$ cat protein-v6.tsv   # TSV, C-alpha atoms
chain	number	residue	atom	x	y	z
A	481	MET	CA	-40.12	23.66	-21.66
A	482	ARG	CA	-42.78	26.08	-20.46
A	483	ALA	CA	-43.39	29.15	-22.65
A	484	HIS	CA	-40.67	28.00	-25.04
A	485	GLY	CA	-41.11	26.71	-28.55
A	486	GLU	CA	-44.58	25.20	-28.91
A	487	SER	CA	-45.13	24.61	-25.18
A	488	ASP	CA	-47.88	26.25	-23.16
A	489	GLY	CA	-47.21	28.96	-20.62
A	490	ASP	CA	-46.56	32.65	-20.74
A	491	MET	CA	-43.32	33.06	-18.81
A	492	ILE	CA	-39.90	31.57	-19.37
A	493	CYS	CA	-38.02	31.05	-16.12
A	494	LEU	CA	-34.52	30.96	-17.66
A	495	GLY	CA	-33.98	27.33	-16.64
A	496	TYR	CA	-34.45	28.08	-12.94
A	497	LYS	CA	-38.03	26.92	-12.31
A	498	GLU	CA	-38.34	24.43	-15.14
A	499	TYR	CA	-36.76	21.76	-12.94
A	500	LEU	CA	-40.15	21.70	-11.18
A	501	ASP	CA	-41.69	20.49	-14.46
A	502	THR	CA	-39.03	17.80	-14.61
A	503	LYS	CA	-39.80	16.88	-11.00
A	504	ALA	CA	-43.49	16.42	-11.85
A	505	ILE	CA	-42.61	14.19	-14.81
A	506	VAL	CA	-40.22	12.10	-12.71
A	507	LYS	CA	-42.93	11.67	-10.07
A	508	HIS	CA	-45.41	10.58	-12.74
A	509	ILE	CA	-42.98	8.08	-14.30
A	510	LYS	CA	-41.94	6.65	-10.92
A	511	ALA	CA	-45.63	6.08	-10.05
A	512	ASP	CA	-46.04	3.81	-13.11
A	513	SER	CA	-44.89	0.26	-12.33
A	514	ALA	CA	-44.02	-0.31	-16.01
A	515	TYR	CA	-40.97	1.95	-15.45
A	516	LYS	CA	-39.98	0.50	-12.08
A	517	ASN	CA	-36.38	-0.41	-12.92
A	518	ILE	CA	-35.80	1.95	-15.84
A	519	PRO	CA	-33.11	4.60	-15.19
A	520	LEU	CA	-34.16	8.17	-15.92
A	521	VAL	CA	-31.75	10.36	-17.85
A	522	VAL	CA	-32.40	14.07	-18.30
A	523	PHE	CA	-31.35	15.76	-21.55
A	524	GLY	CA	-31.29	19.40	-22.61
A	525	LEU	CA	-29.82	21.87	-25.05
A	526	SER	CA	-28.91	25.48	-24.18
A	527	MET	CA	-31.51	26.69	-21.64
A	528	GLY	CA	-32.76	23.09	-21.63
A	529	GLY	CA	-29.21	21.99	-20.76
A	530	THR	CA	-29.31	24.38	-17.83
A	531	THR	CA	-32.68	22.94	-16.83
A	532	ALA	CA	-31.23	19.43	-17.07
A	533	ILE	CA	-28.35	20.35	-14.77
A	534	ASN	CA	-30.67	22.05	-12.28
A	535	SER	CA	-32.98	19.02	-12.44
A	536	ILE	CA	-30.33	16.42	-11.69
A	537	GLY	CA	-29.08	18.59	-8.83
A	538	GLU	CA	-32.53	18.87	-7.28
A	539	ILE	CA	-34.00	15.44	-8.12
A	540	PRO	CA	-32.00	12.49	-6.77
A	541	GLU	CA	-34.20	9.99	-8.69
A	542	ILE	CA	-32.60	11.07	-11.97
A	543	SER	CA	-29.91	8.56	-12.96
A	544	GLY	CA	-27.90	10.50	-15.53
A	545	LEU	CA	-27.39	13.78	-17.37
A	546	ILE	CA	-26.85	14.86	-20.97
A	547	SER	CA	-26.36	18.61	-21.28
A	548	LEU	CA	-25.39	20.49	-24.42
A	549	SER	CA	-24.39	24.17	-24.45
A	550	ALA	CA	-25.76	24.98	-20.99
A	551	PHE	CA	-25.06	28.29	-19.31
A	552	SER	CA	-23.37	28.37	-15.91
A	553	SER	CA	-25.74	31.01	-14.49
A	554	TRP	CA	-28.10	33.62	-15.84
A	555	GLU	CA	-25.96	36.49	-14.59
A	556	ASP	CA	-22.92	35.02	-16.36
A	557	ILE	CA	-24.66	34.70	-19.72
A	558	PHE	CA	-26.27	38.14	-19.37
A	559	TYR	CA	-22.96	39.74	-18.42
A	560	GLU	CA	-21.03	38.06	-21.25
A	561	PHE	CA	-23.62	39.08	-23.83
A	562	MET	CA	-23.72	42.65	-22.54
A	563	ALA	CA	-19.91	42.89	-22.48
A	564	SER	CA	-19.79	41.70	-26.10
A	565	GLN	CA	-22.37	44.31	-27.19
A	566	SER	CA	-21.31	47.32	-25.09
A	567	SER	CA	-18.46	48.38	-22.87
A	568	PHE	CA	-16.82	46.04	-20.41
A	569	PHE	CA	-17.15	48.74	-17.74
A	570	LEU	CA	-20.93	49.06	-18.20
A	571	ALA	CA	-21.38	45.27	-18.18
A	572	THR	CA	-19.35	45.03	-14.96
A	573	MET	CA	-21.43	47.75	-13.31
A	574	VAL	CA	-24.74	46.12	-14.28
A	575	LYS	CA	-23.87	42.48	-13.42
A	576	PRO	CA	-24.57	42.75	-9.64
A	577	PHE	CA	-28.11	43.98	-10.40
A	578	VAL	CA	-29.02	41.11	-12.75
A	579	PRO	CA	-30.36	38.87	-9.94
A	580	LEU	CA	-32.63	41.67	-8.69
A	581	VAL	CA	-34.00	42.43	-12.15
A	582	THR	CA	-34.49	38.72	-12.81
A	583	LEU	CA	-36.41	38.38	-9.55
A	584	ALA	CA	-38.60	41.38	-10.34
A	585	LYS	CA	-39.33	40.52	-13.99
A	586	TYR	CA	-39.37	36.71	-14.04
A	587	LYS	CA	-40.10	35.93	-10.36
A	588	VAL	CA	-36.96	33.78	-10.37
A	589	ASP	CA	-34.66	33.74	-7.35
A	590	ILE	CA	-31.35	32.93	-9.01
A	591	TRP	CA	-29.61	32.93	-5.64
A	592	SER	CA	-31.38	29.73	-4.57
A	593	ILE	CA	-30.54	27.54	-7.55
A	594	LYS	CA	-27.64	27.88	-10.00
A	595	PRO	CA	-26.26	25.37	-12.48
A	596	VAL	CA	-22.72	25.83	-11.11
A	597	ARG	CA	-23.98	24.71	-7.67
A	598	GLU	CA	-26.40	22.07	-8.93
A	599	ILE	CA	-23.66	20.29	-10.92
A	600	GLU	CA	-21.82	19.79	-7.63
A	601	LYS	CA	-24.71	17.54	-6.51
A	602	LEU	CA	-24.18	15.11	-9.40
A	603	GLY	CA	-22.31	12.68	-7.17
A	604	ASN	CA	-21.41	9.45	-8.98
A	605	ARG	CA	-24.20	9.67	-11.55
A	606	PRO	CA	-22.95	9.62	-15.14
A	607	ALA	CA	-22.98	12.82	-17.17
A	608	LEU	CA	-22.19	13.89	-20.69
A	609	ILE	CA	-21.65	17.63	-20.90
A	610	MET	CA	-20.73	19.10	-24.25
A	611	HIS	CA	-20.15	22.58	-25.59
A	612	SER	CA	-18.67	24.05	-28.76
A	613	LYS	CA	-16.04	26.76	-28.68
A	614	GLU	CA	-17.86	28.25	-31.66
A	615	ASP	CA	-21.27	28.45	-29.95
A	616	SER	CA	-22.76	31.81	-30.95
A	617	GLU	CA	-25.34	31.90	-28.14
A	618	VAL	CA	-23.64	30.56	-25.01
A	619	PRO	CA	-19.91	31.32	-24.67
A	620	TYR	CA	-17.58	28.39	-24.02
A	621	SER	CA	-16.54	30.00	-20.72
A	622	ASN	CA	-19.89	28.81	-19.29
A	623	PHE	CA	-18.86	25.20	-19.99
A	624	GLU	CA	-15.51	25.82	-18.29
A	625	ARG	CA	-17.23	27.20	-15.18
A	626	LEU	CA	-19.60	24.22	-15.05
A	627	ILE	CA	-16.76	21.73	-15.39
A	628	ASN	CA	-14.77	23.54	-12.68
A	629	HIS	CA	-17.70	22.96	-10.30
A	630	ALA	CA	-18.42	19.40	-11.41
A	631	PRO	CA	-17.49	16.38	-9.28
A	632	ARG	CA	-13.96	15.14	-9.79
A	633	MET	CA	-15.04	12.09	-11.78
A	634	LEU	CA	-16.46	14.35	-14.48
A	635	LYS	CA	-13.22	16.23	-14.99
A	636	HIS	CA	-11.79	13.71	-17.44
A	637	LEU	CA	-12.32	15.68	-20.61
A	638	PHE	CA	-11.20	15.56	-24.13
A	639	ALA	CA	-11.70	18.12	-26.82
A	640	ARG	CA	-11.65	17.48	-30.50
A	641	GLU	CA	-12.36	19.50	-33.58
A	642	THR	CA	-13.44	17.54	-36.59
A	643	TYR	CA	-15.90	17.49	-39.43
A	644	ILE	CA	-19.00	15.35	-39.55
A	645	LEU	CA	-20.90	14.51	-42.69
A	646	LEU	CA	-24.60	14.52	-41.84
A	647	PRO	CA	-27.39	13.42	-44.16
A	648	LYS	CA	-29.86	16.04	-45.36
A	649	ALA	CA	-32.79	14.30	-43.65
A	650	LEU	CA	-31.13	14.65	-40.25
A	651	LEU	CA	-30.68	18.39	-40.68
A	652	ASN	CA	-33.92	19.01	-42.61
A	653	LEU	CA	-32.02	20.98	-45.23
A	654	LYS	CA	-33.28	21.56	-48.76
A	655	LYS	CA	-30.20	22.82	-50.62
A	656	THR	CA	-27.70	19.98	-50.60
A	657	PRO	CA	-28.00	16.25	-50.01
A	658	ASN	CA	-25.24	16.29	-47.40
A	659	THR	CA	-23.82	18.99	-45.17
A	660	LEU	CA	-20.41	19.29	-43.58
A	661	ILE	CA	-20.47	20.55	-39.99
A	662	ARG	CA	-17.42	21.52	-38.00
A	663	TYR	CA	-17.40	21.02	-34.25
$ encode --input "protein-v6.tsv" --output "structure tokens"
Amino acid sequence: MRAHGESDGDMICLGYKEYLDTKAIVKHIKADSAYKNIPLVVFGLSMGGTTAINSIGEIPEISGLISLSAFSSWEDIFYEFMASQSSFFLATMVKPFVPLVTLAKYKVDIWSIKPVREIEKLGNRPALIMHSKEDSEVPYSNFERLINHAPRMLKHLFARETYILLPKALLNLKKTPNTLIRY
């Protein structure tokens, strides 16, 4: 994703313009006859999950979606973070101005594209959307808003808390050979 991790670029667009990068990749893949009948599935985690949702909403050539811990909109995630760090009143007063500040600082028009609207365009394409209630970055309420806007076929959910034993190599941990993770 542009300007994120080890990628080039100097401005993160909060998942709102990155779908254009996905669109360019889809166009490139579709132009190669070797991939003629291969379905394209978009995958993302956190802001990448938001980008994946925005991408499938805007790019009909994408066949499926895998989104983990996506946020429902930038103003929602900003508001929820602010409310957790300051007063509820202040967060409520600031929330209406988040789109304007986002437009001014990041040149992102968050009125034109939002994950909660883009998920509605999923149609009959398959999707796996996951989120943990213990996510420390993106509150679970974002998942609930996304699911509330998802097509009816996606509303068959199940939630489960369990423990998974993962090998050290998978997690790149140095302390113990195996790690127990709760989800």
$ atom_distance --input "protein-v6.tsv" --atom1 "CA of Glu624 (chain A)" --atom2 "CA of Arg597 (chain A)"
13.6 Å
$ closest_residue --input "protein-v6.tsv" --among "A:Leu580, A:Ile557, A:Leu570, A:Ile536" --to "Ser621 (chain A)" --atoms "only C-alpha atoms"
A:Ile557
$ closest_residue --input "protein-v6.tsv" --among "A:Lys575, A:Arg605, A:Lys497, A:Arg632" --to "Gly528 (chain A)" --atoms "all atoms listed in the file"
A:Lys497
$ closest_residue --input "protein-v6.tsv" --among "A:Ile593, A:Glu617, A:Glu555, A:Ala532" --to "Val578 (chain A)" --atoms "only C-alpha atoms"
A:Glu555
$ residues_around --input "protein-v6.tsv" --residues "region 500-504 of chain A" --least-positions-apart "4" --cutoff "7 Å" --atoms "all atoms listed in the file" --output "number ranges by chain"
A: 508, 535, 539
$ atom_distance --input "protein-v6.tsv" --atom1 "CA of Ile533 (chain A)" --atom2 "CA of Trp554 (chain A)"
13.3 Å
$ residues_around --input "protein-v6.tsv" --residues "Glu600 (chain A)" --least-positions-apart "6" --cutoff "6 Å" --atoms "all atoms listed in the file" --output "VMD selection string"
chain A and resid 629 to 631
$ write_last_selection --input "protein-v6.tsv" --atoms "C-alpha atoms" --output "CSV table (one decimal), keeping the file's coordinate frame"
chain,number,residue,atom,x,y,z
A,629,HIS,CA,-17.7,23.0,-10.3
A,630,ALA,CA,-18.4,19.4,-11.4
A,631,PRO,CA,-17.5,16.4,-9.3
$ closest_residue --input "protein-v6.tsv" --among "A:Leu548, A:Met562, A:Val588, A:Val574" --to "Glu498 (chain A)" --atoms "all atoms listed in the file"
A:Val588
$ atom_distance --input "protein-v6.tsv" --atom1 "CA of Tyr499 (chain A)" --atom2 "CA of Thr530 (chain A)"
9.3 Å
